[in-house]
$ cat protein_9.txt   # compact mmCIF, C-alpha atoms
# COMPACT_ATOMS: atom_id res chain seq x y z
CA MET A 863 34.44 42.86 118.85
CA PRO A 864 33.07 46.01 120.49
CA GLU A 865 31.41 48.18 117.84
CA LEU A 866 30.67 51.90 117.83
CA PRO A 867 27.78 51.78 120.36
CA GLU A 868 29.88 49.75 122.81
CA VAL A 869 32.82 52.16 122.49
CA GLU A 870 30.51 55.16 122.94
CA THR A 871 29.05 53.51 126.03
CA VAL A 872 32.55 53.09 127.45
CA ARG A 873 33.36 56.72 126.65
CA SER A 874 30.25 58.02 128.38
CA GLY A 875 31.01 55.85 131.41
CA LEU A 876 34.63 56.95 131.71
CA ALA A 877 34.16 60.67 130.95
CA PRO A 878 32.75 61.66 134.38
CA VAL A 879 35.64 60.02 136.25
CA LEU A 880 38.46 61.05 133.90
CA GLU A 881 37.74 64.40 132.27
CA GLY A 882 39.51 67.20 134.10
CA LYS A 883 41.31 64.67 136.31
CA ARG A 884 45.04 64.05 136.60
CA ILE A 885 46.90 60.76 136.25
CA LYS A 886 49.14 60.09 139.25
CA ARG A 887 50.77 56.97 137.84
CA LEU A 888 50.34 54.56 134.96
CA ILE A 889 51.06 50.90 135.61
CA VAL A 890 51.88 48.89 132.48
CA ARG A 891 52.15 45.16 133.17
CA ARG A 892 53.49 43.98 129.83
CA LYS A 893 55.46 45.46 126.95
CA ASN A 894 52.70 45.14 124.38
CA LEU A 895 49.13 44.37 123.49
CA ARG A 896 48.44 44.03 119.78
CA PHE A 897 51.37 46.38 119.25
CA ASP A 898 54.18 47.53 121.52
CA PHE A 899 53.30 50.39 123.82
CA PRO A 900 54.81 53.76 122.80
CA ASP A 901 58.31 54.57 124.03
CA ASN A 902 58.35 55.78 127.66
CA PHE A 903 54.59 55.25 127.74
CA ALA A 904 54.12 55.29 131.53
CA LYS A 905 56.53 58.19 132.00
CA ARG A 906 54.80 60.33 129.37
CA LEU A 907 51.41 59.90 131.07
CA ALA A 908 52.48 60.34 134.69
CA GLY A 909 51.21 63.63 136.08
CA VAL A 910 49.23 64.70 133.01
CA GLN A 911 45.65 65.92 133.08
CA ILE A 912 42.96 64.42 130.85
CA LEU A 913 41.24 67.41 129.27
CA LYS A 914 38.64 65.58 127.19
CA LEU A 915 37.57 62.05 126.37
CA SER A 916 36.06 61.61 122.90
CA ARG A 917 35.41 58.90 120.34
CA ARG A 918 36.19 58.58 116.65
CA ALA A 919 34.74 55.46 115.00
CA LYS A 920 35.78 52.63 117.36
CA TYR A 921 38.66 54.56 118.93
CA LEU A 922 38.73 56.30 122.31
CA LEU A 923 40.71 59.55 122.35
CA PHE A 924 42.10 60.98 125.61
CA GLU A 925 43.20 64.59 125.01
CA LEU A 926 45.99 65.44 127.47
CA ASP A 927 47.36 68.74 128.77
CA SER A 928 50.83 67.60 127.71
CA GLY A 929 49.90 68.32 124.09
CA GLU A 930 49.50 64.64 123.29
CA THR A 931 46.45 62.45 122.73
CA LEU A 932 46.17 58.88 123.95
CA LEU A 933 44.38 56.63 121.47
CA SER A 934 42.86 53.36 122.67
CA HIS A 935 41.26 50.59 120.63
CA LEU A 936 39.45 47.78 122.46
CA GLY A 937 40.20 45.13 119.86
CA MET A 938 38.25 41.89 120.30
CA SER A 939 37.88 41.75 124.07
CA GLY A 940 39.22 44.95 125.64
CA SER A 941 37.29 46.70 128.40
CA PHE A 942 37.77 49.42 131.00
CA LEU A 943 36.67 49.23 134.63
CA ALA A 944 36.52 52.31 136.85
CA LEU A 945 36.80 51.84 140.63
CA ALA A 946 36.00 54.74 142.94
CA THR A 947 38.27 55.54 145.88
CA GLY A 948 38.07 52.68 148.37
CA GLU A 949 35.90 50.54 146.10
CA THR A 950 36.95 46.88 146.00
CA MET A 951 37.46 44.75 142.92
CA PRO A 952 34.41 42.62 141.95
CA LYS A 953 34.89 39.14 143.43
CA ASP A 954 34.31 37.30 140.16
CA ARG A 955 36.65 39.52 138.10
CA LYS A 956 39.56 37.81 136.37
CA THR A 957 42.51 40.12 137.02
CA LYS A 958 45.06 38.08 135.07
CA HIS A 959 44.44 40.20 132.00
CA ASP A 960 44.44 43.62 133.71
CA HIS A 961 47.29 44.96 131.57
CA VAL A 962 47.14 48.72 132.18
CA VAL A 963 46.08 50.60 135.33
CA PHE A 964 45.49 54.35 135.53
CA GLU A 965 46.01 55.53 139.10
CA MET A 966 44.36 58.93 139.32
CA VAL A 967 45.35 61.66 141.78
CA ASP A 968 41.86 61.55 143.35
CA GLY A 969 42.20 57.84 144.13
CA VAL A 970 40.12 56.47 141.26
CA LEU A 971 41.53 53.40 139.49
CA VAL A 972 40.78 52.83 135.80
CA ILE A 973 41.80 49.34 134.68
CA TYR A 974 42.20 48.15 131.11
CA ASN A 975 41.59 44.40 130.72
CA ASP A 976 42.14 42.51 127.46
CA PRO A 977 42.24 38.68 127.48
CA ARG A 978 42.95 38.32 123.75
CA ARG A 979 45.25 41.34 123.55
CA PHE A 980 43.97 42.54 120.16
CA GLY A 981 43.45 46.03 121.56
CA PHE A 982 46.19 48.64 121.55
CA MET A 983 47.18 52.09 122.79
CA ASP A 984 49.12 54.83 121.05
CA LEU A 985 50.27 58.39 121.72
CA PHE A 986 50.54 61.19 119.18
CA ALA A 987 50.80 64.97 119.18
CA THR A 988 47.28 66.37 119.43
CA HIS A 989 47.86 68.92 116.68
CA GLU A 990 48.80 66.07 114.33
CA ILE A 991 45.49 64.23 114.72
CA ASP A 992 44.73 64.54 111.01
CA GLU A 993 47.95 62.65 110.27
CA CYS A 994 47.31 59.84 112.74
CA LYS A 995 47.57 56.60 110.76
CA PHE A 996 44.63 55.04 112.57
CA LEU A 997 42.27 57.96 111.94
CA GLN A 998 43.21 59.68 108.69
CA HIS A 999 41.35 57.37 106.30
CA LEU A 1000 38.11 57.03 108.25
CA GLY A 1001 34.79 57.89 106.64
CA PRO A 1002 31.98 59.98 108.17
CA GLU A 1003 30.43 59.11 111.51
CA PRO A 1004 27.02 57.40 111.28
CA VAL A 1005 25.49 59.22 114.23
CA ASP A 1006 25.33 62.80 113.02
CA ASN A 1007 24.76 64.86 109.90
CA GLN A 1008 28.17 63.97 108.47
CA LEU A 1009 26.56 60.95 106.82
CA SER A 1010 24.30 61.78 103.88
CA ALA A 1011 22.47 59.65 101.35
CA VAL A 1012 24.07 61.51 98.46
CA ASP A 1013 27.59 60.94 99.75
CA LEU A 1014 26.88 57.29 100.50
CA LYS A 1015 25.47 56.73 97.01
CA LEU A 1016 28.57 58.36 95.50
CA ALA A 1017 30.94 56.27 97.64
CA LEU A 1018 29.19 53.07 96.56
CA SER A 1019 28.66 53.98 92.90
CA LYS A 1020 31.80 52.28 91.54
CA ARG A 1021 31.81 49.30 93.88
CA LYS A 1022 30.55 45.95 92.66
CA SER A 1023 31.05 44.26 96.02
CA PRO A 1024 28.00 43.27 98.12
CA ILE A 1025 26.50 46.14 100.09
CA LYS A 1026 27.09 44.29 103.37
CA THR A 1027 30.83 44.02 102.66
CA ALA A 1028 31.09 47.64 101.53
CA LEU A 1029 29.42 48.98 104.68
CA LEU A 1030 32.07 47.29 106.81
CA ASP A 1031 34.76 49.33 105.04
CA GLN A 1032 35.71 52.04 107.55
CA LYS A 1033 36.60 54.38 104.69
CA ILE A 1034 32.93 54.53 103.71
CA ILE A 1035 31.34 54.82 107.15
CA ALA A 1036 33.42 54.98 110.32
CA GLY A 1037 32.58 52.66 113.18
CA LEU A 1038 30.05 50.31 111.62
CA GLY A 1039 30.51 46.62 112.42
CA ASN A 1040 28.90 43.34 111.51
CA ILE A 1041 26.07 43.36 114.03
CA TYR A 1042 24.63 46.77 113.25
CA VAL A 1043 25.10 46.50 109.49
CA CYS A 1044 22.96 43.34 109.53
CA GLU A 1045 20.31 45.11 111.60
CA ALA A 1046 20.28 48.26 109.45
CA LEU A 1047 20.01 46.34 106.17
CA PHE A 1048 17.07 44.37 107.56
CA ARG A 1049 15.23 47.52 108.60
CA ALA A 1050 15.91 49.07 105.19
CA ASN A 1051 14.68 45.92 103.37
CA ILE A 1052 17.97 45.56 101.49
CA HIS A 1053 19.48 42.14 100.81
CA PRO A 1054 23.10 41.92 102.03
CA ALA A 1055 24.25 40.53 98.66
CA VAL A 1056 22.91 43.44 96.57
CA ARG A 1057 25.74 45.03 94.59
CA SER A 1058 26.80 48.32 96.13
CA CYS A 1059 26.69 50.15 92.80
CA ASP A 1060 23.07 49.09 92.25
CA LEU A 1061 21.80 50.88 95.35
CA SER A 1062 19.44 53.69 94.35
CA LEU A 1063 19.47 57.14 95.93
CA GLU A 1064 16.11 56.38 97.53
CA GLN A 1065 17.49 53.16 99.04
CA SER A 1066 20.55 55.06 100.24
CA GLN A 1067 18.34 57.56 102.03
CA VAL A 1068 16.35 54.82 103.75
CA LEU A 1069 19.54 52.98 104.68
CA VAL A 1070 21.16 56.09 106.17
CA GLU A 1071 18.09 56.70 108.31
CA HIS A 1072 18.10 53.15 109.63
CA ILE A 1073 21.84 53.13 110.27
CA ARG A 1074 21.41 56.22 112.43
CA GLN A 1075 18.41 54.70 114.16
CA VAL A 1076 19.97 51.35 115.01
CA ILE A 1077 23.19 52.96 116.25
CA ARG A 1078 21.26 55.46 118.37
CA GLN A 1079 19.10 52.72 119.90
CA ALA A 1080 22.12 50.55 120.63
CA ILE A 1081 23.87 53.44 122.40
CA GLU A 1082 20.76 54.12 124.47
CA ALA A 1083 20.61 50.42 125.39
CA GLY A 1084 24.24 50.36 126.47
CA GLY A 1085 25.57 48.34 123.55
CA SER A 1086 25.56 44.58 123.19
CA SER A 1087 26.83 42.00 125.66
CA LEU A 1088 28.00 39.63 122.94
CA ASN A 1089 31.43 38.13 123.58
CA ASP A 1090 33.22 39.87 126.45
CA PHE A 1091 31.89 43.41 126.22
CA THR A 1092 31.35 45.33 129.44
CA ASN A 1093 30.99 49.05 129.94
CA ALA A 1094 33.11 51.18 132.25
CA ASP A 1095 30.99 50.20 135.27
CA GLY A 1096 31.57 46.52 134.59
CA ASP A 1097 27.98 45.95 133.46
CA LEU A 1098 26.96 44.06 130.36
CA GLY A 1099 25.06 45.84 127.61
CA TYR A 1100 21.71 44.50 126.51
CA PHE A 1101 20.95 45.59 122.95
CA GLN A 1102 21.17 41.90 121.95
CA HIS A 1103 17.64 41.51 123.29
CA SER A 1104 16.52 43.73 120.41
CA PHE A 1105 18.25 41.92 117.56
CA ASP A 1106 15.90 41.43 114.61
CA VAL A 1107 18.18 39.28 112.47
CA TYR A 1108 21.70 39.08 113.87
CA ASP A 1109 22.40 35.56 115.17
CA GLN A 1110 18.72 34.69 114.63
CA ALA A 1111 19.16 32.08 111.87
CA GLY A 1112 16.23 29.65 111.75
CA LYS A 1113 13.95 31.88 113.80
CA GLN A 1114 10.74 33.43 112.54
CA CYS A 1115 11.10 36.87 110.98
CA LYS A 1116 9.79 39.55 113.34
CA THR A 1117 8.09 41.52 110.58
CA SER A 1118 4.31 41.35 110.95
CA GLU A 1119 2.69 38.77 108.65
CA CYS A 1120 6.06 37.60 107.23
CA THR A 1121 6.19 33.80 107.08
CA ALA A 1122 9.92 33.42 106.39
CA LYS A 1123 12.69 32.38 108.72
CA ILE A 1124 15.96 34.25 109.12
CA GLU A 1125 18.79 32.85 107.02
CA ARG A 1126 22.58 33.04 107.32
CA ILE A 1127 25.23 33.37 104.63
CA VAL A 1128 28.96 34.05 104.83
CA GLN A 1129 30.35 37.17 103.15
CA GLY A 1130 34.00 38.09 103.36
CA GLY A 1131 34.47 35.63 106.18
CA ARG A 1132 31.68 37.22 108.26
CA SER A 1133 28.19 35.90 108.96
CA SER A 1134 25.32 37.84 107.42
CA PHE A 1135 21.77 37.34 108.69
CA TYR A 1136 18.71 38.38 106.69
CA CYS A 1137 15.09 37.65 105.87
CA PRO A 1138 14.73 36.16 102.36
CA LEU A 1139 11.27 37.72 101.91
CA CYS A 1140 11.67 41.16 103.49
CA GLN A 1141 15.13 41.79 101.99
CA LYS A 1142 15.36 41.48 98.23
$ encode --input "protein_9.txt" --output "structure tokens"
Amino acid sequence: MPELPEVETVRSGLAPVLEGKRIKRLIVRRKNLRFDFPDNFAKRLAGVQILKLSRRAKYLLFELDSGETLLSHLGMSGSFLALATGETMPKDRKTKHDHVVFEMVDGVLVIYNDPRRFGFMDLFATHEIDECKFLQHLGPEPVDNQLSAVDLKLALSKRKSPIKTALLDQKIIAGLGNIYVCEALFRANIHPAVRSCDLSLEQSQVLVEHIRQVIRQAIEAGGSSLNDFTNADGDLGYFQHSFDVYDQAGKQCKTSECTAKIERIVQGGRSSFYCPLCQK
């Protein structure tokens, strides 16, 4: 599933071709993805201008001059492809799952593809963004000063669940997913099974710093190409080449002088990867 860095990479790729541009026509090739499309979806988007493209957690937000905001979630395998005027479709692209096409007034085509159809799109009044059911319970973003060690320690103080499981709760930190939680915990030398309430303030500070660092590095690298992720240009990300522990079970720990091998456990139905010596 695309995580925050992948979604941010898509946003930064789409922004130059969509912000300030007007949608000529929206082609919707099925009645639903994960959920049904909003009523009169194509009609409500025809002719509107996209004022701003932003991101909240793993959601893309298209602010429109109609007073509405289009929300898009990529689900497990969703991706956008932008084609400039006159540009042809890549020969190896599978178009069967091109479910939504934005035809822009300037000739650009933006195509949403989703083989597994776990993604979705929604429309809501922009001034009601705080009441949006997908956004209203999200925690602070991990990429700016919204996230503090004190607040994280407080949020975890009454939780007895493993720290790995707690960090995947979007109410605590918005946008974190399995890959980058594993990487951040490794860098912070925190075992994924440590009880959340046992995390000290000092550990919280170190963890916050490494969460920011790993997310920032992943964004700079263009995300990860695991599963079906591509950015808006159709290119694969490459942060996976920098994984320290994720999907590295049985391999030597990358920490200098550490003799252990990376291990894997299952927590809440998700794989956790860690070093048994560096993370205690």
$ atom_distance --input "protein_9.txt" --atom1 "CA of Met938 in chain A" --atom2 "CA of Ser1134 in chain A"
18.7 Å
$ residues_around --input "protein_9.txt" --residues "range 932-937 of chain A" --least-positions-apart "6" --cutoff "6 Å" --atoms "all atoms listed in the file" --output "count of residues only"
10
$ atom_distance --input "protein_9.txt" --atom1 "CA of Phe1105 in chain A" --atom2 "CA of Val1076 in chain A"
9.9 Å
$ atom_distance --input "protein_9.txt" --atom1 "CA of Phe1135 in chain A" --atom2 "CA of Ser1062 in chain A"
21.9 Å
$ residues_around --input "protein_9.txt" --residues "range 1016-1027 of chain A" --least-positions-apart "4" --cutoff "7 Å" --atoms "all atoms listed in the file" --output "PyMOL selection string"
chain A and resi 1012+1034+1043+1054-1059+1129-1130
$ closest_residue --input "protein_9.txt" --among "A:Glu1045, A:Glu1064, A:Asp954, A:Glu870" --to "Ile1124 in chain A" --atoms "all atoms listed in the file"
A:Glu1045
$ residues_around --input "protein_9.txt" --residues "Arg1074 in chain A" --least-positions-apart "2" --cutoff "8 Å" --atoms "only C-alpha atoms" --output "PyMOL selection string"
chain A and resi 1004-1006+1070-1072+1076-1078
$ write_last_selection --input "protein_9.txt" --atoms "C-alpha atoms" --output "compact mmCIF listing (two decimals), keeping the file's coordinate frame"
# COMPACT_ATOMS: atom_id res chain seq x y z
CA PRO A 1004 27.02 57.40 111.28
CA VAL A 1005 25.49 59.22 114.23
CA ASP A 1006 25.33 62.80 113.02
CA VAL A 1070 21.16 56.09 106.17
CA GLU A 1071 18.09 56.70 108.31
CA HIS A 1072 18.10 53.15 109.63
CA VAL A 1076 19.97 51.35 115.01
CA ILE A 1077 23.19 52.96 116.25
CA ARG A 1078 21.26 55.46 118.37
$ axis_aligned_box --input "protein_9.txt" --around "range 884-888 of chain A" --padding-each-side "5 Å" --output "AutoDock Vina command-line options"
--center_x 47.9 --center_y 59.3 --center_z 137.1 --size_x 15.7 --size_y 19.5 --size_z 14.3
$ residues_near_point --input "protein_9.txt" --point "(15.8, 42.3, 104.0)" --cutoff "6 Å" --atoms "all atoms listed in the file" --output "PyMOL selection string"
chain A and resi 1048+1051-1053+1136-1137+1140-1142
$ write_last_selection --input "protein_9.txt" --atoms "C-alpha atoms" --output "PDB file, keeping the file's coordinate frame"
ATOM      1  CA  PHE A1048      17.070  44.370 107.560  1.00  0.00           C
ATOM      2  CA  ASN A1051      14.680  45.920 103.370  1.00  0.00           C
ATOM      3  CA  ILE A1052      17.970  45.560 101.490  1.00  0.00           C
ATOM      4  CA  HIS A1053      19.480  42.140 100.810  1.00  0.00           C
ATOM      5  CA  TYR A1136      18.710  38.380 106.690  1.00  0.00           C
ATOM      6  CA  CYS A1137      15.090  37.650 105.870  1.00  0.00           C
ATOM      7  CA  CYS A1140      11.670  41.160 103.490  1.00  0.00           C
ATOM      8  CA  GLN A1141      15.130  41.790 101.990  1.00  0.00           C
ATOM      9  CA  LYS A1142      15.360  41.480  98.230  1.00  0.00           C
TER      10      LYS A1142
END
$ residues_around --input "protein_9.txt" --residues "Val962 in chain A" --least-positions-apart "3" --cutoff "9 Å" --atoms "all atoms listed in the file" --output "PyMOL selection string"
chain A and resi 888-892+959+972-975
$ closest_residue --input "protein_9.txt" --among "A:Pro977, A:Gly875, A:Gly969, A:Pro900" --to "Thr957 in chain A" --atoms "all atoms listed in the file"
A:Pro977
$ closest_residue --input "protein_9.txt" --among "A:Glu930, A:Cys994, A:Val1107, A:Lys1015" --to "Leu1047 in chain A" --atoms "only C-alpha atoms"
A:Val1107
$ closest_residue --input "protein_9.txt" --among "A:Ala908, A:Leu1061, A:Val970, A:Leu997" --to "Leu880 in chain A" --atoms "only C-alpha atoms"
A:Val970
$ closest_residue --input "protein_9.txt" --among "A:Leu1000, A:Val963, A:Leu895, A:Leu1009" --to "Leu943 in chain A" --atoms "only C-alpha atoms"
A:Val963
